[in-house]
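Colleague: Following this line is my_file_12.csv, made up of CSV, C-alpha atoms:
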chain,number,residue,atom,x,y,z
D,287,MET,CA,66.6,46.4,-162.6
D,288,PRO,CA,63.6,45.1,-160.5
D,289,ILE,CA,60.1,45.5,-161.9
D,290,GLY,CA,58.7,48.8,-161.0
D,291,GLU,CA,61.8,50.3,-159.4
D,292,ASN,CA,61.0,53.8,-158.1
D,293,ARG,CA,63.4,55.8,-155.9
D,294,HIS,CA,60.5,57.8,-154.5
D,295,MET,CA,58.7,54.8,-153.0
D,296,PRO,CA,58.4,54.6,-149.2
D,297,ILE,CA,60.8,51.7,-148.7
D,298,SER,CA,64.0,51.5,-146.8
D,299,SER,CA,65.3,48.0,-147.8
D,300,ASP,CA,65.4,45.9,-151.0
D,301,THR,CA,63.6,43.1,-149.1
D,302,LEU,CA,60.0,43.1,-147.8
D,303,VAL,CA,58.5,40.7,-145.2
D,304,PHE,CA,54.8,41.0,-144.8
D,305,SER,CA,51.8,39.2,-143.4
D,306,VAL,CA,48.0,39.5,-143.8
D,307,ALA,CA,46.3,39.4,-140.4
D,308,LEU,CA,42.8,40.8,-140.9
D,309,ASN,CA,39.8,39.8,-138.8
D,310,HIS,CA,42.0,40.5,-135.7
D,311,TYR,CA,44.4,37.7,-136.5
D,312,ASP,CA,47.2,40.1,-135.5
D,313,ARG,CA,45.9,39.8,-132.0
D,314,ILE,CA,45.1,36.1,-132.1
D,315,TYR,CA,48.6,35.3,-133.3
D,316,ASP,CA,50.4,38.2,-131.6
D,317,ARG,CA,53.4,36.0,-130.7
D,318,ASN,CA,53.9,35.1,-134.3
D,319,ILE,CA,53.6,38.6,-135.5
D,320,ALA,CA,56.3,39.6,-133.0
D,321,SER,CA,58.6,37.0,-134.5
D,322,HIS,CA,58.1,38.4,-137.9
D,323,ARG,CA,59.1,41.9,-136.7
D,324,LEU,CA,62.2,40.4,-135.0
D,325,TYR,CA,63.2,38.5,-138.1
D,326,ALA,CA,62.9,41.6,-140.3
D,327,ALA,CA,64.8,43.8,-137.9
D,328,ARG,CA,67.6,41.2,-137.5
D,329,HIS,CA,68.2,41.3,-141.3
D,330,GLY,CA,67.4,44.9,-142.0
D,331,TYR,CA,64.2,44.2,-144.0
D,332,ASP,CA,61.0,46.2,-144.3
D,333,TYR,CA,58.1,44.7,-142.5
D,334,VAL,CA,54.3,45.2,-142.8
D,335,CYS,CA,51.6,43.5,-140.9
D,336,VAL,CA,48.3,44.1,-142.8
D,337,SER,CA,45.7,44.3,-140.0
D,338,ARG,CA,43.4,47.0,-141.5
D,339,PRO,CA,40.7,47.1,-142.4
D,340,ALA,CA,39.8,45.2,-139.3
D,341,TRP,CA,37.1,43.1,-140.9
D,342,THR,CA,36.6,41.5,-144.2
D,343,THR,CA,35.2,38.3,-145.6
D,344,VAL,CA,37.1,35.0,-145.1
D,345,THR,CA,37.5,34.7,-148.9
D,346,GLU,CA,39.1,38.1,-149.3
D,347,ALA,CA,41.3,37.7,-146.3
D,348,VAL,CA,43.0,34.5,-147.7
D,349,TRP,CA,43.2,35.8,-151.2
D,350,LEU,CA,44.6,39.2,-150.4
D,351,LYS,CA,48.2,37.9,-150.1
D,352,ILE,CA,48.3,37.3,-153.9
D,353,GLU,CA,47.0,40.8,-154.7
D,354,LEU,CA,49.6,42.3,-152.4
D,355,LEU,CA,52.5,40.1,-153.6
D,356,ARG,CA,51.8,41.3,-157.1
D,357,SER,CA,51.7,45.0,-156.1
D,358,SER,CA,54.7,44.9,-153.8
D,359,LEU,CA,56.7,43.5,-156.8
D,360,ALA,CA,55.7,46.7,-158.6
D,361,LYS,CA,57.1,48.7,-155.8
D,362,GLY,CA,60.6,47.5,-156.7
D,363,TYR,CA,61.5,45.2,-153.8
D,364,ARG,CA,64.2,42.7,-155.0
D,365,TRP,CA,62.9,40.0,-152.6
D,366,ILE,CA,59.6,39.5,-150.9
D,367,LEU,CA,58.7,37.0,-148.1
D,368,PHE,CA,55.1,36.5,-147.3
D,369,VAL,CA,54.2,34.6,-144.2
D,370,ASP,CA,50.7,33.8,-142.8
D,371,ALA,CA,49.8,35.1,-139.4
D,372,ASP,CA,49.8,31.6,-138.0
D,373,CYS,CA,53.5,31.2,-139.0
D,374,GLU,CA,56.4,31.7,-136.5
D,375,LEU,CA,59.7,32.9,-137.9
D,376,ARG,CA,62.3,31.2,-135.9
D,377,ALA,CA,65.7,32.6,-134.8
D,378,ALA,CA,67.5,30.2,-137.1
D,379,ALA,CA,65.8,31.5,-140.3
D,380,PRO,CA,68.4,32.6,-142.8
D,381,LYS,CA,68.2,35.6,-145.1
D,382,VAL,CA,65.4,35.5,-147.7
D,383,GLU,CA,67.9,35.7,-150.6
D,384,SER,CA,69.6,32.6,-149.5
D,385,VAL,CA,67.0,30.5,-151.4
D,386,SER,CA,68.0,32.0,-154.8
D,387,LYS,CA,68.4,29.7,-157.7
D,388,PRO,CA,69.0,30.6,-161.4
D,389,ASP,CA,65.8,30.9,-163.5
D,390,LYS,CA,63.6,30.5,-160.4
D,391,ALA,CA,61.5,33.4,-159.1
D,392,VAL,CA,58.8,31.9,-156.9
D,393,TYR,CA,59.6,29.6,-154.0
D,394,LEU,CA,57.1,27.4,-152.2
D,395,ALA,CA,57.4,24.5,-149.8
D,396,VAL,CA,55.4,21.3,-149.7
D,397,GLY,CA,53.1,21.0,-146.7
D,398,PHE,CA,51.6,18.0,-144.8
D,399,SER,CA,49.0,17.5,-147.6
D,400,GLY,CA,51.8,16.6,-150.1
D,401,ASN,CA,51.1,19.8,-152.2
D,402,VAL,CA,52.7,23.2,-152.0
D,403,ASN,CA,51.4,25.4,-149.2
D,404,SER,CA,50.9,29.1,-149.8
D,405,GLY,CA,51.4,30.0,-146.1
D,406,VAL,CA,54.9,30.9,-147.0
D,407,ILE,CA,55.8,32.4,-150.4
D,408,ILE,CA,59.1,33.9,-151.4
D,409,ALA,CA,59.3,35.9,-154.6
D,410,ARG,CA,62.3,37.3,-156.4
D,411,ASN,CA,61.6,40.5,-158.5
D,412,ASP,CA,61.5,39.1,-162.0
D,413,PRO,CA,58.9,39.2,-164.9
D,414,ALA,CA,58.4,35.5,-164.3
D,415,ALA,CA,57.2,36.1,-160.7
D,416,VAL,CA,54.8,38.8,-162.0
D,417,GLU,CA,53.4,36.4,-164.5
D,418,PHE,CA,53.0,33.8,-161.8
D,419,PHE,CA,50.9,36.0,-159.5
D,420,ASP,CA,49.0,37.4,-162.5
D,421,ALA,CA,48.1,33.8,-163.5
D,422,VAL,CA,46.8,33.0,-160.0
D,423,LEU,CA,44.7,36.1,-159.9
D,424,GLU,CA,43.4,35.4,-163.4
D,425,VAL,CA,42.0,32.0,-162.4
D,426,SER,CA,40.6,33.3,-159.1
D,427,SER,CA,37.2,33.7,-160.5
D,428,ARG,CA,36.8,30.1,-161.7
D,429,ALA,CA,37.0,26.6,-160.5
D,430,VAL,CA,40.2,24.6,-161.0
D,431,PRO,CA,40.8,20.9,-160.3
D,432,GLU,CA,43.0,21.5,-157.3
D,433,MET,CA,40.5,24.0,-155.8
D,434,ASP,CA,40.0,24.1,-152.0
D,435,TRP,CA,38.1,26.6,-149.8
D,436,GLY,CA,40.7,29.3,-150.2
D,437,GLU,CA,43.5,30.4,-152.5
D,438,ASN,CA,45.9,27.5,-151.9
D,439,GLY,CA,44.3,25.2,-154.5
D,440,HIS,CA,44.6,27.9,-157.2
D,441,VAL,CA,48.3,28.4,-156.2
D,442,ILE,CA,48.9,24.7,-156.6
D,443,HIS,CA,47.1,24.7,-160.0
D,444,VAL,CA,49.4,27.5,-161.4
D,445,ALA,CA,52.5,26.2,-159.7
D,446,ARG,CA,52.2,22.8,-161.3
D,447,ARG,CA,52.3,24.5,-164.7
D,448,SER,CA,55.0,27.0,-164.0
D,449,GLU,CA,58.7,26.6,-164.7
D,450,THR,CA,59.6,29.5,-162.4
D,451,VAL,CA,58.6,27.7,-159.2
D,452,ASP,CA,61.2,26.1,-157.0
D,453,HIS,CA,60.4,23.9,-154.0
D,454,LEU,CA,61.8,25.2,-150.8
D,455,ASP,CA,63.4,23.1,-148.1
D,456,ARG,CA,60.5,22.2,-145.9
D,457,ARG,CA,62.2,24.0,-143.0
D,458,TRP,CA,60.9,27.2,-144.6
D,459,ASN,CA,57.3,26.1,-144.1
D,460,ASN,CA,57.0,23.3,-141.5
D,461,ASN,CA,53.4,22.5,-140.8
D,462,ALA,CA,53.9,18.8,-140.2
D,463,ASP,CA,56.9,17.9,-137.9
D,464,PRO,CA,57.2,19.4,-134.4
D,465,THR,CA,60.7,17.8,-134.1
D,466,LEU,CA,62.1,19.5,-137.1
D,467,GLU,CA,64.7,22.3,-136.6
D,468,ASP,CA,62.8,24.6,-138.8
D,469,PHE,CA,63.0,28.2,-140.1
D,470,VAL,CA,59.2,28.8,-140.2
D,471,ARG,CA,56.9,26.9,-137.9
D,472,HIS,CA,53.5,27.0,-139.4
D,473,TYR,CA,50.5,26.3,-137.1
D,474,SER,CA,48.2,25.8,-140.1
D,475,ALA,CA,44.5,25.0,-139.7
D,476,GLY,CA,43.7,21.3,-139.9
D,477,GLY,CA,47.3,20.3,-139.5
D,478,PRO,CA,49.2,18.6,-136.7
D,479,MET,CA,51.0,21.8,-135.6
D,480,ARG,CA,47.9,23.9,-134.8
D,481,PRO,CA,47.3,22.4,-131.4
D,482,LEU,CA,50.9,23.2,-130.4
D,483,TYR,CA,50.5,27.0,-130.7
D,484,CYS,CA,50.4,28.5,-127.2
D,485,MET,CA,47.8,31.2,-127.1
D,486,GLY,CA,47.5,33.7,-124.2
D,487,LEU,CA,44.2,34.5,-122.4
D,488,THR,CA,43.7,37.8,-124.3
D,489,ALA,CA,44.3,36.1,-127.6
D,490,ARG,CA,41.9,33.3,-126.7
D,491,ALA,CA,39.2,35.8,-125.9
D,492,VAL,CA,39.8,37.6,-129.2
D,493,GLN,CA,39.7,34.3,-131.1
D,494,LEU,CA,36.3,33.4,-129.5
D,495,ALA,CA,34.8,36.8,-130.4
D,496,VAL,CA,36.1,36.5,-134.0
D,497,ARG,CA,34.6,33.0,-134.3
D,498,VAL,CA,31.2,34.2,-133.0
D,499,ARG,CA,31.2,37.1,-135.5
D,500,LEU,CA,32.2,34.9,-138.5
D,501,LYS,CA,29.6,32.3,-137.5
D,502,LEU,CA,26.9,35.0,-137.5
D,503,LEU,CA,28.2,36.2,-140.9
D,504,LYS,CA,28.1,32.6,-142.2
D,505,VAL,CA,24.5,32.3,-141.1
D,506,ALA,CA,23.7,35.5,-142.9
D,507,GLY,CA,25.5,34.3,-146.0
D,508,GLN,CA,28.0,37.1,-145.8
D,509,HIS,CA,31.3,35.4,-144.8
D,510,GLN,CA,32.4,34.5,-148.4
D,511,VAL,CA,32.5,36.2,-151.8
D,512,ALA,CA,31.0,34.7,-154.9
D,513,ARG,CA,33.8,33.5,-157.1
D,514,ALA,CA,32.7,35.6,-160.1
D,515,ALA,CA,32.8,38.7,-157.9
D,516,LEU,CA,36.2,38.0,-156.3
D,517,PRO,CA,38.5,39.8,-158.8
D,518,ASN,CA,36.8,43.1,-158.4
D,519,ARG,CA,36.3,42.8,-154.6
D,520,LEU,CA,40.0,41.8,-154.3
D,521,SER,CA,41.2,44.7,-156.4
D,522,ALA,CA,39.1,47.1,-154.3
D,523,LEU,CA,40.4,45.7,-151.0
D,524,GLY,CA,44.0,45.8,-152.4
D,525,ASP,CA,43.6,49.5,-153.2
D,526,ARG,CA,42.4,50.2,-149.7
D,527,CYS,CA,45.3,48.3,-148.2
D,528,ARG,CA,47.8,50.1,-150.4
D,529,ARG,CA,46.5,53.4,-149.2
D,530,LEU,CA,46.9,52.2,-145.6
D,531,TYR,CA,50.3,50.6,-146.2
D,532,PRO,CA,52.3,52.5,-148.8
D,533,GLN,CA,55.1,49.9,-148.9
D,534,LEU,CA,52.7,47.6,-150.7
Take the structure in the file and give it back as structure tokens.

Modeller:
Amino acid sequence: MPIGENRHMPISSDTLVFSVALNHYDRIYDRNIASHRLYAARHGYDYVCVSRPAWTTVTEAVWLKIELLRSSLAKGYRWILFVDADCELRAAAPKVESVSKPDKAVYLAVGFSGNVNSGVIIARNDPAAVEFFDAVLEVSSRAVPEMDWGENGHVIHVARRSETVDHLDRRWNNNADPTLEDFVRHYSAGGPMRPLYCMGLTARAVQLAVRVRLKLLKVAGQHQVARAALPNRLSALGDRCRRLYPQL
């Protein structure tokens, strides 16, 4: 029985696909969000795009996926696919459960950096997956050797020490090769794929407005959260999102 199975929870499938698109990323990457919805509908999965609250700090926005992965496992989903807002789910993408391997509960692909990339995370409902995300959240308040500006370095840190992680075929998180016949095309920041994303005029205008706002917050020192304060801030934001999105 999956962790936290509850027949009264507001879910209609045993698989959840979700994305975090705060700070109006749902409008900037509207074409990608549409591809997430199509993929979920094609396979009969539940789908949630977390776009509220509309604004939060950059730190909380990138870490929220880990908090919500942990809580959505407690909802009882057998499989969960998290995809960043800047990921396009392609028509060729197979079912989530097709990646299943014995004794593996968390699935990550290696990105252009040579390390696992947390823009796509697949989790099977298993105590080992719960332990993995708990471990990532536990180290969120301190520095780790692999640390970067967001959560990815902490995911790398825990994944290197976990026996439950399996490396996905890179087609599941392709942020490096535009010629690859991929399942998930990831237009990740700083990578070779980002310039290939075709953004409409409205999305460009929203992106400009967001950049201006975040720059002003940076000048005011309000765009990030102090590491020591992150666990409490993340828990509070997670609670707010769970009230807005009961599936999580």

Colleague: Fewer than 6 positions away in the same chain doesn't count, so skip those; otherwise give me all residues within 8 Å of stretch 349-352 of chain D, counting all atoms listed in the file, as a list of chain:residue names.

Modeller: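 Final neighbour list, sorted by chain and number: D:Ser305, D:Val306, D:Phe368, D:Phe419, D:Val422, D:Leu423, D:Gly436, D:Glu437, D:Leu520, D:Leu523, D:Gly524.
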
Colleague: Which one of D:Arg529, D:His310, D:Arg410, D:Arg428 sits closest to D:Thr342 if you count only C-alpha atoms?

Modeller: D:His310

Colleague: Tell me, in Å to one decimal, how far atom CA of D:Thr450 is from atom CA of D:Tyr363.

Modeller: 18.0 Å

Colleague: I need the residue nearest D:Val336 from this list: D:Ser321, D:Leu375, D:Ser426, D:Tyr311. Use all atoms listed in the file for the distance.

Modeller: D:Tyr311

Colleague: Which of these, D:Ala379, D:Asp312, D:Leu487, D:Gly405, has the shortest distance to D:Ala340 once you count all atoms listed in the file?

Modeller: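 Among the listed residues, the smallest separation from D:Ala340 belongs to D:Asp312.
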
Colleague: Skipping near chain neighbours, those fewer than 4 positions away, what residues fall within 9 Å of D:Arg313 using only C-alpha atoms, listed as a ChimeraX atom specification?

Modeller: /D:307,317,319,488-489,492-493

Colleague: When you look at D:Val385 with a cut-off of 10 Å (counting only C-alpha atoms), what residues show up, excluding the ones that are within fewer than 6 positions of it in the same chain? I need them as a PyMOL selection string.

Modeller: chain D and resi 391-393+408-410+452-455+458

Colleague: Could you save those same residues with C-alpha atoms as a PDB file, in the coordinates of the input?

Modeller:
ATOM      1  CA  ALA D 391      61.500  33.400-159.100  1.00  0.00           C
ATOM      2  CA  VAL D 392      58.800  31.900-156.900  1.00  0.00           C
ATOM      3  CA  TYR D 393      59.600  29.600-154.000  1.00  0.00           C
ATOM      4  CA  ILE D 408      59.100  33.900-151.400  1.00  0.00           C
ATOM      5  CA  ALA D 409      59.300  35.900-154.600  1.00  0.00           C
ATOM      6  CA  ARG D 410      62.300  37.300-156.400  1.00  0.00           C
ATOM      7  CA  ASP D 452      61.200  26.100-157.000  1.00  0.00           C
ATOM      8  CA  HIS D 453      60.400  23.900-154.000  1.00  0.00           C
ATOM      9  CA  LEU D 454      61.800  25.200-150.800  1.00  0.00           C
ATOM     10  CA  ASP D 455      63.400  23.100-148.100  1.00  0.00           C
ATOM     11  CA  TRP D 458      60.900  27.200-144.600  1.00  0.00           C
TER      12      TRP D 458
END

Colleague: Which distance in Å separates atom CA of D:Met479 and atom CA of D:Asp463, to one decimal?

Modeller: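 It comes out at 7.4 Å.
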
Colleague: By how many Å are atom CA of D:Thr345 and atom CA of D:Gln510 apart?

Modeller: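 Atom CA of D:Thr345 sits 5.1 Å away from atom CA of D:Gln510.
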
Colleague: Given the choices D:Val382, D:Cys335, D:Leu482, D:Val402, which gets closest to D:His443 if the distance is worked out from all atoms listed in the file?

Modeller: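 Among the listed residues, D:Val402 lies closest to D:His443.
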
Colleague: Kindly provide, as a compact mmCIF listing (two decimals) with C-alpha atoms, in the frame of the given file, the polymer residues lying within 7 Å of (55.7, 49.5, -142.3), counting all atoms listed in the file and using the coordinates exactly as they appear in the file.

Modeller:
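Okay, out.txt is ready:
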# COMPACT_ATOMS: atom_id res chain seq x y z
CA ASP D 332 61.00 46.20 -144.30
CA TYR D 333 58.10 44.70 -142.50
CA VAL D 334 54.30 45.20 -142.80
CA TYR D 531 50.30 50.60 -146.20
CA GLN D 533 55.10 49.90 -148.90

Colleague: Quick one: residues within 10 Å of D:His329, only C-alpha atoms, excluding same-chain residues fewer than 5 positions away - as a ChimeraX atom specification?

Modeller: /D:299,301,324,380-382

Colleague: May I ask which of the residues D:Asn460, D:Ala377, D:Leu355, D:Ala429 is the closest one to D:Asn403, counting only C-alpha atoms?

Modeller: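 Among D:Asn460, D:Ala377, D:Leu355, D:Ala429, it is D:Asn460 that comes nearest to D:Asn403.
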
Colleague: Return the single residue from D:Asn459, D:Ala512, D:Pro413, D:Cys484 that is closest to D:Trp435, with distances computed using all atoms listed in the file.

Modeller: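 Nearest candidate to D:Trp435 out of D:Asn459, D:Ala512, D:Pro413, D:Cys484: D:Ala512.
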
Colleague: Env of D:Leu503: 12 Å cut, atoms = all atoms listed in the file, seq-sep filter 5 positions within chain, self excluded. Answer as an MDAnalysis selection string.

Modeller: chainID D and resid 341:344 496:498 508:511

Colleague: Since fewer atoms than expected are present, regenerate all heavy atoms for stretch 316-327 of chain D and write them as a PDB file, in the coordinates of the input.

Modeller:
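Written file, rebuild-v6.pdb:
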ATOM      1  N   ASP D 316      49.515  37.106-131.971  1.00  0.00           N
ATOM      2  CA  ASP D 316      50.400  38.200-131.600  1.00  0.00           C
ATOM      3  C   ASP D 316      51.862  37.739-131.439  1.00  0.00           C
ATOM      4  O   ASP D 316      52.808  38.441-131.797  1.00  0.00           O
ATOM      5  CB  ASP D 316      49.927  38.952-130.396  1.00  0.00           C
ATOM      6  CG  ASP D 316      49.691  38.052-129.184  1.00  0.00           C
ATOM      7  OD1 ASP D 316      49.691  36.810-129.338  1.00  0.00           O
ATOM      8  OD2 ASP D 316      49.482  38.588-128.082  1.00  0.00           O
ATOM      9  N   ARG D 317      52.042  36.550-130.889  1.00  0.00           N
ATOM     10  CA  ARG D 317      53.400  36.000-130.700  1.00  0.00           C
ATOM     11  C   ARG D 317      54.102  35.779-132.016  1.00  0.00           C
ATOM     12  O   ARG D 317      55.297  36.053-132.168  1.00  0.00           O
ATOM     13  CB  ARG D 317      53.339  34.749-129.846  1.00  0.00           C
ATOM     14  CG  ARG D 317      54.695  34.176-129.482  1.00  0.00           C
ATOM     15  CD  ARG D 317      54.581  33.121-128.388  1.00  0.00           C
ATOM     16  NE  ARG D 317      53.680  32.040-128.751  1.00  0.00           N
ATOM     17  CZ  ARG D 317      54.037  30.977-129.485  1.00  0.00           C
ATOM     18  NH1 ARG D 317      55.284  30.884-129.944  1.00  0.00           N
ATOM     19  NH2 ARG D 317      53.183  30.020-129.756  1.00  0.00           N
ATOM     20  N   ASN D 318      53.362  35.272-132.984  1.00  0.00           N
ATOM     21  CA  ASN D 318      53.900  35.100-134.300  1.00  0.00           C
ATOM     22  C   ASN D 318      54.283  36.377-134.988  1.00  0.00           C
ATOM     23  O   ASN D 318      55.354  36.514-135.601  1.00  0.00           O
ATOM     24  CB  ASN D 318      52.966  34.269-135.187  1.00  0.00           C
ATOM     25  CG  ASN D 318      52.870  32.812-134.803  1.00  0.00           C
ATOM     26  OD1 ASN D 318      53.675  32.304-134.034  1.00  0.00           O
ATOM     27  ND2 ASN D 318      51.870  32.136-135.330  1.00  0.00           N
ATOM     28  N   ILE D 319      53.380  37.346-134.891  1.00  0.00           N
ATOM     29  CA  ILE D 319      53.600  38.600-135.500  1.00  0.00           C
ATOM     30  C   ILE D 319      54.891  39.279-134.922  1.00  0.00           C
ATOM     31  O   ILE D 319      55.703  39.875-135.637  1.00  0.00           O
ATOM     32  CB  ILE D 319      52.419  39.585-135.327  1.00  0.00           C
ATOM     33  CG1 ILE D 319      51.162  38.990-135.979  1.00  0.00           C
ATOM     34  CG2 ILE D 319      52.724  40.965-135.892  1.00  0.00           C
ATOM     35  CD1 ILE D 319      51.275  38.721-137.453  1.00  0.00           C
ATOM     36  N   ALA D 320      55.076  39.109-133.628  1.00  0.00           N
ATOM     37  CA  ALA D 320      56.300  39.600-133.000  1.00  0.00           C
ATOM     38  C   ALA D 320      57.535  38.952-133.575  1.00  0.00           C
ATOM     39  O   ALA D 320      58.577  39.605-133.770  1.00  0.00           O
ATOM     40  CB  ALA D 320      56.227  39.401-131.476  1.00  0.00           C
ATOM     41  N   SER D 321      57.437  37.663-133.880  1.00  0.00           N
ATOM     42  CA  SER D 321      58.600  37.000-134.500  1.00  0.00           C
ATOM     43  C   SER D 321      58.881  37.458-135.875  1.00  0.00           C
ATOM     44  O   SER D 321      60.042  37.487-136.298  1.00  0.00           O
ATOM     45  CB  SER D 321      58.335  35.441-134.482  1.00  0.00           C
ATOM     46  OG  SER D 321      57.444  35.044-135.523  1.00  0.00           O
ATOM     47  N   HIS D 322      57.847  37.867-136.617  1.00  0.00           N
ATOM     48  CA  HIS D 322      58.100  38.400-137.900  1.00  0.00           C
ATOM     49  C   HIS D 322      58.851  39.743-137.842  1.00  0.00           C
ATOM     50  O   HIS D 322      59.794  39.975-138.605  1.00  0.00           O
ATOM     51  CB  HIS D 322      56.720  38.749-138.622  1.00  0.00           C
ATOM     52  CG  HIS D 322      55.808  37.581-138.789  1.00  0.00           C
ATOM     53  ND1 HIS D 322      54.508  37.710-139.259  1.00  0.00           N
ATOM     54  CD2 HIS D 322      55.988  36.260-138.542  1.00  0.00           C
ATOM     55  CE1 HIS D 322      53.944  36.521-139.300  1.00  0.00           C
ATOM     56  NE2 HIS D 322      54.814  35.627-138.856  1.00  0.00           N
ATOM     57  N   ARG D 323      58.449  40.572-136.887  1.00  0.00           N
ATOM     58  CA  ARG D 323      59.100  41.900-136.700  1.00  0.00           C
ATOM     59  C   ARG D 323      60.589  41.661-136.315  1.00  0.00           C
ATOM     60  O   ARG D 323      61.476  42.369-136.808  1.00  0.00           O
ATOM     61  CB  ARG D 323      58.400  42.684-135.646  1.00  0.00           C
ATOM     62  CG  ARG D 323      56.975  43.079-136.022  1.00  0.00           C
ATOM     63  CD  ARG D 323      56.373  44.030-134.985  1.00  0.00           C
ATOM     64  NE  ARG D 323      54.954  44.236-135.213  1.00  0.00           N
ATOM     65  CZ  ARG D 323      54.438  45.052-136.120  1.00  0.00           C
ATOM     66  NH1 ARG D 323      55.254  45.748-136.896  1.00  0.00           N
ATOM     67  NH2 ARG D 323      53.127  45.181-136.265  1.00  0.00           N
ATOM     68  N   LEU D 324      60.840  40.715-135.440  1.00  0.00           N
ATOM     69  CA  LEU D 324      62.200  40.400-135.000  1.00  0.00           C
ATOM     70  C   LEU D 324      63.066  39.950-136.162  1.00  0.00           C
ATOM     71  O   LEU D 324      64.217  40.361-136.317  1.00  0.00           O
ATOM     72  CB  LEU D 324      62.200  39.408-133.872  1.00  0.00           C
ATOM     73  CG  LEU D 324      61.770  39.915-132.494  1.00  0.00           C
ATOM     74  CD1 LEU D 324      61.631  38.740-131.526  1.00  0.00           C
ATOM     75  CD2 LEU D 324      62.793  40.919-131.945  1.00  0.00           C
ATOM     76  N   TYR D 325      62.509  39.062-136.967  1.00  0.00           N
ATOM     77  CA  TYR D 325      63.200  38.500-138.100  1.00  0.00           C
ATOM     78  C   TYR D 325      63.605  39.661-139.084  1.00  0.00           C
ATOM     79  O   TYR D 325      64.754  39.766-139.544  1.00  0.00           O
ATOM     80  CB  TYR D 325      62.418  37.469-138.824  1.00  0.00           C
ATOM     81  CG  TYR D 325      63.015  36.993-140.128  1.00  0.00           C
ATOM     82  CD1 TYR D 325      64.044  36.049-140.139  1.00  0.00           C
ATOM     83  CD2 TYR D 325      62.552  37.491-141.348  1.00  0.00           C
ATOM     84  CE1 TYR D 325      64.600  35.626-141.345  1.00  0.00           C
ATOM     85  CE2 TYR D 325      63.102  37.075-142.543  1.00  0.00           C
ATOM     86  CZ  TYR D 325      64.121  36.138-142.543  1.00  0.00           C
ATOM     87  OH  TYR D 325      64.678  35.718-143.728  1.00  0.00           O
ATOM     88  N   ALA D 326      62.623  40.498-139.400  1.00  0.00           N
ATOM     89  CA  ALA D 326      62.900  41.600-140.300  1.00  0.00           C
ATOM     90  C   ALA D 326      63.921  42.563-139.757  1.00  0.00           C
ATOM     91  O   ALA D 326      64.822  43.010-140.483  1.00  0.00           O
ATOM     92  CB  ALA D 326      61.567  42.336-140.608  1.00  0.00           C
ATOM     93  N   ALA D 327      63.818  42.872-138.480  1.00  0.00           N
ATOM     94  CA  ALA D 327      64.800  43.800-137.900  1.00  0.00           C
ATOM     95  C   ALA D 327      66.187  43.161-137.845  1.00  0.00           C
ATOM     96  O   ALA D 327      67.186  43.868-138.068  1.00  0.00           O
ATOM     97  CB  ALA D 327      64.348  44.098-136.431  1.00  0.00           C
TER      98      ALA D 327
END
